[in-house]
Structure formats: C-alpha cells, structure tokens
Amino acid sequence: MPSNDDPIPVTILSGSLGAGKTTTLNHILSSEQELNAAVLVNDMGEVNVDADLVERESDLTQNDDEIIEMSNGCICCRLRGDMLDEVGRLAEERDFEYLLVESSGISEPIPVAQTFARGFEDADFDPTGVYELDTMVSVVDAHSFWKGFDSGQALTDESIDPQGNRVPEEALMDQIEFCDVLLLNKCDLVPDDELEEMEAVLRALQPRANIVRTEHGAIDPREILNTGRFDFDRASQSAGWKRELQHGHHHESAADEHGVTSFVFESRRPFHPERIARFFADLPDGIVRAKGFFWSAGREDIAMGLDKAGQSVRAGPKGTWIATLPKAQQERYFAARPGIKEDWDDQWGDRGSELVFIGREFDQETLIERLEGCVLSDAEMEEDWNEYPDPFTADEQRELALADD
C-alpha cells in the first residue's frame, strides 16, 4: 500500500456526451481488482446524472465524499478552482489511494491536465506533489464517430449552451489529440473492417495514444490505471496535425492501406480573403482535421488561424506576426528559434501560410490546386489589398463566411 507521502495517482476520463465515460468508470469500480478510489464527476447540467449513476452502480457514496459532484459548468474553465478546492479537501483526509475524474462531454482536456500537473493561480490548493497525473483517457463513441465521418455529417450530435465558445466537434478533436489512452467504445455496433479504417484515422490524429477497443465500457483496469504514461509536454506536441507541420508527411502502412493521408500546404504569398473563405466553406467531407495559420491579404498585422474538426470550420484572427513586434522582441524570438531567421523575408518577415490537412479518400492534387488558386497572383500582389473585403473580422462574420451556401 502506498504511504501517505506518495503522490496520489490520477486518471482523467474525457469524451463526448454518450460516448460511455460513466459506463467505463462503473466497470472499473466494479471490477474484481481492489481499488480504493475517490471519484470526481463533472456534468454541465444542474442535475449531475452521472454522479447518481456512479453511486447506484458502485459501493461509493456522495454522503461520505467518496464521490464529488461538480455541476453547472466545466472543470476545464469556470470550475477549475472549485475542483482544486474539492480535491484539496479530499487530500487532507487521505483515506483513498487513487483519484478518478470524469470530465463533462465538452471539457477541453489540456486545461484539466494543467490544473493537476501545474496548479491553478486562482485556487488556494496546490496539487503538485500531492497528486500525480498518471493517465489521460479519451472515450470515443465508435458508432457515432464512424457514422458521421463516413457520411460527411457532424461527428457529434449533441449541442451546447449557445453562450459557450466551443462547439462539440472541436471539443471531441481536443480529446482525441490530447490523451495517453484512447478507448474506442461501442465497437460491437461497427463492422471490423470499418473499425480498422477508423483506427487508422485516429492514429493519424493522435500517433502516440494506446488505442483500445471496448464494448459497453468493459476495460481491463490496468489499461488506464497506474500506467505512468502521462507526459504533459509530449502529449501537447503529439497531435497528428502538429507533427505534420513540424516534420512533413510520413507514410504509415496502416494509414496508407485505409486511404488516410495528410499533407502540408505552405505559401509565402498571402491568400485572397474572399477566395480562401470560399475554399474553407467548401472543404471535402473527407477532411476530418485541418489546422494551422495563414496570411490574409489586407491583414498584415494579424496571423489568421484555421481550425477544422469534423464538419466544424472556424477561421479568423489567431496571433501576431513576429515581423510586427519591436526589434528587441524579434531578436529574442530569433535567439530562441533560429529557424525563423532562415525563412525571414526582407519585406514581409515571417508572414506566410502553413496549413495541414488530414483525412480519408480526398483528392490531394485537386485540393492543392484550389489552394494555389487562392494565393494572390503577380498582378494582385501589386494591388491595394486594403480594398479587399475582409470576411474574417468579427465572430459572426467569420461564421457567415464559412456557412453553407
């Protein structure tokens, strides 16, 4: 048995609504393996249905604080401080050996991981040294994911509070791209050959995760408990789109076999804003992920960002070009990242575009031709770009620019 001086290991389960997080959690708690655990369950609604399900199907009780219920918000944002207050109180009593956390269906996993790994400035309790994040788990509904991906429909059916600024597909992609173990649940509803193709897609999106097929949330606890797999920096850098941007295209036999491909488009010239907006609004259904930054003519002050997750496409102001910064700040960037200076343009500095596309059975050559058609021509390079309409100004205008015709 671990001593009271040892950090308490933590496993965090993420996944879209209905993917099977609570079912998986209950399976772990009811398994034959002895597990002296506390459980924190986060639910967006006023009534925490998942916490009630855990209580009914396990020996844990909310009255004895073995189950912590957190409702009406997400532990990735407004409830981060509250979550630390609760797990801090649990740590003072120290009558459990493992902490299991089930986040809400739209939670972003990175802020939750940061909270445990590095603390949170607005909270009194510092979890570092007391808790140790062991495994980040994402549960994917195989049936819904494949049904949507194969038909070009949305990958998730649920909706969220319109006041929120995240959409379900973006949250789902975050959960896939930032995890140590990916549980592909409800596999009994998907044919084996389609499961193999789906795994190829998931491996392209998240190369380092251990993918485990499950039915009805039945999982060997050893797959997600005490794995020691969590590494924040490595997890942050392991998304397939980021790997493509950093290292270029890599063929992998399993992905090639199932038609999963990816490529990076780069340009030192800006895009025509209207043409690239139309392009983003008409991406092939087979493109499941697209991300990166781009230069929109007329917006030389701001780097634009693209984020496509499933059928959700968002584009707009993302950051600042290094070329717009004061010289002293530019020099600090050059010192930290010498590669920037190598690609520096005397007139435009670091302005340009780097976009990665990951998907299945799409015409890469046609897509590249269309992208090249969005780049300014020689004649357009001489025009006054400030006269171009800008579809990437306010949020609502970006949505209109990317809406279906």
# chains A, B, ... in the order shown; residues from 1 in each chain; ligands from 1
>>> residues_around(residues="segment 78-91 of chain A", least_positions_apart="3", cutoff="10 Å", atoms="only C-alpha atoms", output="ChimeraX atom specification")
/A:4,7-8,38-40,42,65-66,68-75,94-97,99,111-112,115-116,119-127,130-131
>>> residues_around(residues="segment 169-184 of chain A", least_positions_apart="4", cutoff="8 Å", atoms="only C-alpha atoms", output="number ranges by chain")
A: 14-16, 106-110, 135-142, 154-156, 202, 205-206, 208-214, 223-224, 229-230, 235-236, 238-240, 308-312
>>> write_last_selection(atoms="C-alpha atoms", output="mmCIF file, in the first residue's frame")
data_model
loop_
_atom_site.group_PDB
_atom_site.id
_atom_site.type_symbol
_atom_site.label_atom_id
_atom_site.label_comp_id
_atom_site.auth_asym_id
_atom_site.auth_seq_id
_atom_site.Cartn_x
_atom_site.Cartn_y
_atom_site.Cartn_z
ATOM 1 C CA SER A 14 -12.758 12.706 -21.272
ATOM 2 C CA GLY A 15 -15.164 12.040 -24.119
ATOM 3 C CA SER A 16 -18.240 13.396 -25.857
ATOM 4 C CA ILE A 106 -17.470 19.288 -23.772
ATOM 5 C CA SER A 107 -14.471 19.724 -21.482
ATOM 6 C CA GLU A 108 -11.114 20.510 -23.022
ATOM 7 C CA PRO A 109 -8.574 18.058 -21.602
ATOM 8 C CA ILE A 110 -5.493 20.301 -21.672
ATOM 9 C CA THR A 135 -3.184 8.753 -17.414
ATOM 10 C CA MET A 136 -5.330 10.890 -19.696
ATOM 11 C CA VAL A 137 -8.097 8.761 -21.219
ATOM 12 C CA SER A 138 -10.439 9.729 -24.057
ATOM 13 C CA VAL A 139 -13.548 7.676 -24.774
ATOM 14 C CA VAL A 140 -14.800 7.785 -28.371
ATOM 15 C CA ASP A 141 -18.205 6.513 -29.473
ATOM 16 C CA ALA A 142 -17.143 4.304 -32.384
ATOM 17 C CA ALA A 154 -21.237 16.041 -37.909
ATOM 18 C CA LEU A 155 -19.108 13.717 -35.784
ATOM 19 C CA THR A 156 -21.214 14.513 -32.724
ATOM 20 C CA LEU A 202 -7.411 8.074 -35.078
ATOM 21 C CA LEU A 205 -4.813 12.345 -35.439
ATOM 22 C CA GLN A 206 -3.056 11.026 -32.315
ATOM 23 C CA ARG A 208 1.200 8.167 -29.553
ATOM 24 C CA ALA A 209 -2.024 7.067 -27.851
ATOM 25 C CA ASN A 210 -2.665 3.443 -26.980
ATOM 26 C CA ILE A 211 -5.956 2.604 -28.756
ATOM 27 C CA VAL A 212 -8.129 0.001 -27.022
ATOM 28 C CA ARG A 213 -11.400 -1.344 -28.440
ATOM 29 C CA THR A 214 -14.204 -1.770 -25.921
ATOM 30 C CA GLU A 223 -5.104 -0.250 -19.327
ATOM 31 C CA ILE A 224 -5.912 3.086 -17.674
ATOM 32 C CA ARG A 229 2.007 7.165 -19.459
ATOM 33 C CA PHE A 230 1.260 10.851 -18.846
ATOM 34 C CA ALA A 235 1.190 14.872 -25.100
ATOM 35 C CA SER A 236 0.949 18.535 -26.091
ATOM 36 C CA SER A 238 1.910 14.712 -30.323
ATOM 37 C CA ALA A 239 -1.185 15.724 -32.303
ATOM 38 C CA GLY A 240 -1.039 14.488 -35.868
ATOM 39 C CA LYS A 308 -11.454 22.353 -38.815
ATOM 40 C CA ALA A 309 -12.736 19.493 -36.679
ATOM 41 C CA GLY A 310 -15.143 17.206 -38.473
ATOM 42 C CA GLN A 311 -17.800 19.434 -40.056
ATOM 43 C CA SER A 312 -16.975 22.435 -37.885
#
>>> residues_around(residues="Gly373 of chain A", least_positions_apart="3", cutoff="10 Å", atoms="only C-alpha atoms", output="number ranges by chain")
A: 271-272, 275-276, 279, 367-370, 376-377
>>> write_last_selection(atoms="C-alpha atoms", output="PDB file, in the first residue's frame")
ATOM      1  CA  PHE A 271      -4.348  34.410 -49.743  1.00  0.00           C
ATOM      2  CA  HIS A 272      -7.067  36.495 -51.342  1.00  0.00           C
ATOM      3  CA  ARG A 275     -11.277  33.135 -52.240  1.00  0.00           C
ATOM      4  CA  ILE A 276      -9.778  31.449 -49.187  1.00  0.00           C
ATOM      5  CA  PHE A 279     -12.365  27.441 -50.001  1.00  0.00           C
ATOM      6  CA  LEU A 367      -7.108  20.422 -53.097  1.00  0.00           C
ATOM      7  CA  ILE A 368      -3.602  21.797 -53.617  1.00  0.00           C
ATOM      8  CA  GLU A 369      -4.639  23.324 -56.957  1.00  0.00           C
ATOM      9  CA  ARG A 370      -7.587  25.022 -55.275  1.00  0.00           C
ATOM     10  CA  LEU A 376      -2.536  36.218 -54.876  1.00  0.00           C
ATOM     11  CA  SER A 377      -1.368  36.370 -58.485  1.00  0.00           C
TER      12      SER A 377
END
>>> residues_around(residues="Ile358 of chain A", least_positions_apart="5", cutoff="8 Å", atoms="only C-alpha atoms", output="ChimeraX atom specification")
/A:204-205,241,260-263,287-290
>>> select_by_dssp(residues="segment 87-116 of chain A", states="alpha helix (DSSP H)", output="PyMOL selection string")
chain A and resi 87-93+109-116
>>> atom_distance(atom1="atom CA of Ala113 of chain A", atom2="atom CA of Asp5 of chain A")
21.8 Å
>>> atom_distance(atom1="atom CA of Ala336 of chain A", atom2="atom CA of Lys291 of chain A")
23.8 Å
>>> closest_residue(among="A:Leu371, A:Thr22, A:Glu132, A:Arg118", to="Asp6 of chain A", atoms="only C-alpha atoms")
A:Glu132
>>> decode(residues="segment 10-37 of chain A", atoms="N, CA, C and O atoms", output="short mmCIF file (atom, residue, chain, number, x, y, z; two decimals), in the first residue's frame")
data_model
loop_
_atom_site.label_atom_id
_atom_site.label_comp_id
_atom_site.auth_asym_id
_atom_site.auth_seq_id
_atom_site.Cartn_x
_atom_site.Cartn_y
_atom_site.Cartn_z
N VAL A 10 -3.72 9.96 -10.52
CA VAL A 10 -4.98 10.46 -11.06
C VAL A 10 -5.15 9.98 -12.49
O VAL A 10 -4.24 10.08 -13.31
N THR A 11 -6.33 9.44 -12.79
CA THR A 11 -6.72 9.13 -14.17
C THR A 11 -7.92 10.00 -14.51
O THR A 11 -8.89 10.07 -13.76
N ILE A 12 -7.84 10.69 -15.65
CA ILE A 12 -8.91 11.58 -16.10
C ILE A 12 -9.54 11.03 -17.35
O ILE A 12 -8.85 10.71 -18.33
N LEU A 13 -10.87 10.88 -17.33
CA LEU A 13 -11.62 10.40 -18.49
C LEU A 13 -12.34 11.57 -19.16
O LEU A 13 -13.10 12.29 -18.52
N SER A 14 -12.06 11.73 -20.45
CA SER A 14 -12.76 12.71 -21.27
C SER A 14 -13.52 11.96 -22.36
O SER A 14 -13.28 10.79 -22.60
N GLY A 15 -14.41 12.65 -23.03
CA GLY A 15 -15.16 12.04 -24.12
C GLY A 15 -16.48 12.75 -24.32
O GLY A 15 -17.02 13.36 -23.39
N SER A 16 -17.00 12.69 -25.54
CA SER A 16 -18.24 13.40 -25.86
C SER A 16 -19.42 12.78 -25.10
O SER A 16 -19.34 11.67 -24.58
N LEU A 17 -20.51 13.53 -25.05
CA LEU A 17 -21.71 13.06 -24.37
C LEU A 17 -22.18 11.75 -24.99
O LEU A 17 -22.29 11.63 -26.22
N GLY A 18 -22.42 10.76 -24.15
CA GLY A 18 -22.92 9.48 -24.63
C GLY A 18 -21.85 8.52 -25.11
O GLY A 18 -22.17 7.41 -25.57
N ALA A 19 -20.58 8.90 -25.02
CA ALA A 19 -19.52 8.02 -25.52
C ALA A 19 -19.34 6.79 -24.64
O ALA A 19 -18.89 5.74 -25.12
N GLY A 20 -19.67 6.90 -23.36
CA GLY A 20 -19.53 5.76 -22.45
C GLY A 20 -18.56 5.98 -21.32
O GLY A 20 -18.07 5.02 -20.72
N LYS A 21 -18.30 7.24 -20.95
CA LYS A 21 -17.36 7.53 -19.85
C LYS A 21 -17.86 6.94 -18.53
O LYS A 21 -17.11 6.27 -17.81
N THR A 22 -19.13 7.21 -18.21
CA THR A 22 -19.67 6.74 -16.93
C THR A 22 -19.75 5.22 -16.89
O THR A 22 -19.46 4.60 -15.86
N THR A 23 -20.12 4.61 -18.01
CA THR A 23 -20.17 3.15 -18.07
C THR A 23 -18.78 2.56 -17.85
O THR A 23 -18.61 1.57 -17.12
N THR A 24 -17.77 3.18 -18.47
CA THR A 24 -16.39 2.72 -18.28
C THR A 24 -15.97 2.89 -16.83
O THR A 24 -15.35 1.99 -16.23
N LEU A 25 -16.31 4.03 -16.25
CA LEU A 25 -15.96 4.30 -14.86
C LEU A 25 -16.58 3.28 -13.93
O LEU A 25 -15.91 2.73 -13.03
N ASN A 26 -17.85 2.98 -14.14
CA ASN A 26 -18.52 1.99 -13.30
C ASN A 26 -17.92 0.60 -13.48
O ASN A 26 -17.86 -0.18 -12.52
N HIS A 27 -17.51 0.28 -14.70
CA HIS A 27 -16.87 -1.02 -14.92
C HIS A 27 -15.58 -1.12 -14.11
O HIS A 27 -15.30 -2.17 -13.50
N ILE A 28 -14.80 -0.05 -14.11
CA ILE A 28 -13.54 -0.04 -13.34
C ILE A 28 -13.83 -0.21 -11.86
O ILE A 28 -13.19 -1.00 -11.15
N LEU A 29 -14.82 0.51 -11.35
CA LEU A 29 -15.13 0.48 -9.92
C LEU A 29 -15.70 -0.85 -9.47
O LEU A 29 -15.56 -1.24 -8.32
N SER A 30 -16.36 -1.56 -10.39
CA SER A 30 -16.99 -2.83 -10.02
C SER A 30 -16.12 -4.04 -10.40
O SER A 30 -16.55 -5.18 -10.22
N SER A 31 -14.94 -3.78 -10.93
CA SER A 31 -14.08 -4.90 -11.33
C SER A 31 -13.55 -5.63 -10.11
O SER A 31 -13.61 -5.13 -8.98
N GLU A 32 -13.00 -6.79 -10.34
CA GLU A 32 -12.50 -7.61 -9.24
C GLU A 32 -11.24 -7.02 -8.62
O GLU A 32 -10.88 -7.33 -7.50
N GLN A 33 -10.56 -6.16 -9.36
CA GLN A 33 -9.36 -5.54 -8.83
C GLN A 33 -9.73 -4.61 -7.67
O GLN A 33 -10.61 -3.77 -7.79
N GLU A 34 -9.07 -4.79 -6.54
CA GLU A 34 -9.36 -3.94 -5.39
C GLU A 34 -8.84 -2.54 -5.66
O GLU A 34 -7.67 -2.33 -5.95
N LEU A 35 -9.73 -1.56 -5.58
CA LEU A 35 -9.36 -0.18 -5.89
C LEU A 35 -9.99 0.74 -4.85
O LEU A 35 -11.20 0.92 -4.81
N ASN A 36 -9.15 1.28 -4.02
CA ASN A 36 -9.61 2.23 -3.01
C ASN A 36 -9.56 3.62 -3.65
O ASN A 36 -8.55 4.32 -3.59
N ALA A 37 -10.67 4.00 -4.29
CA ALA A 37 -10.67 5.21 -5.11
C ALA A 37 -11.69 6.22 -4.63
O ALA A 37 -12.71 5.89 -4.03
#
